[in-house]
Amino acid sequence: MNKVILMGRLTRDPEVRYSQGERSMAIARYTLAVDRRGRRSQDGDQGQTADFINIVAFDRAGEFAEKYFRQGMRVLVSGRIQTGSYINKDGQKVYTTDVIVEDQEFADSKNSSSDGSYGGGRSQSQSYQQVTRPAPSSAIGDGFMNIPDGVEDEGLPFN
């Protein structure tokens with residue numbers, strides 16, 4: 001099984017190109033800075049605390065990234081790892097590892113501000129619009145539904 005799930009911040013705006021041919025397709029490339037979990041060394045130096053993962057989104061996913069993703073945003077990506085290689089202009093073989101997007105989404109709300117670690121300059125509210133879901137009318141302050149008295153357990157959709 002080849003499945004990857006990542007959450008991180010965009011290090012820069014996605015770079016988008018369109019394929020040639022009968023049907024032009026968006027190909028978006030961006031890099032996610034994904035924090036590492038782990039312990040600090042005894043001298044307190046953490047060294048590298050993030051991995052920088054190359055992401056490739058095709059077609060509609062590429063168009064979505066081009067339209068809505070901006071540097072500094074935190075996003076959630078799921079997909080698969082794909083490796084490859086090519087010969088660079090110096091004649092050396094270069095190996096590549098990319099995550100090919102199957103699904104991508106925002107990981108922060110519209111009003112959340114990025115911590116500025118990777119730049120950004122723009123506020124997230126300028127970068128995209130978020131669809132807000134109304135709370136159920138019978139919700140109580142703790143976020144749980146208020147179940148009226150007299151409802152038997154058998155009527156609920158879970159046990």
# chains A, B, ... in the order shown; residues from 1 in each chain; ligands from 1
call {"tool": "residues_around", "arguments": {"residues": "region 72-86 of chain A", "least_positions_apart": "6", "cutoff": "7 Å", "atoms": "only C-alpha atoms", "output": "PyMOL selection string"}}
result
chain A and resi 2-11+93-108+114+116+118-120
call {"tool": "atom_distance", "arguments": {"atom1": "CA of Tyr30 (chain A)", "atom2": "CA of Thr49 (chain A)"}}
result
19.1 Å
call {"tool": "closest_residue", "arguments": {"among": "A:Arg23, A:Lys89, A:Arg36, A:Arg29", "to": "Gly62 (chain A)", "atoms": "only C-alpha atoms"}}
result
A:Arg29
call {"tool": "select_by_dssp", "arguments": {"residues": "region 14-105 of chain A", "states": "helix (DSSP H, G or I)", "output": "ChimeraX atom specification"}}
result
/A:59-68
call {"tool": "atom_distance", "arguments": {"atom1": "CA of Phe52 (chain A)", "atom2": "CA of Phe69 (chain A)"}}
result
16.6 Å
call {"tool": "atom_distance", "arguments": {"atom1": "CA of Val56 (chain A)", "atom2": "CA of Arg12 (chain A)"}}
result
13.7 Å
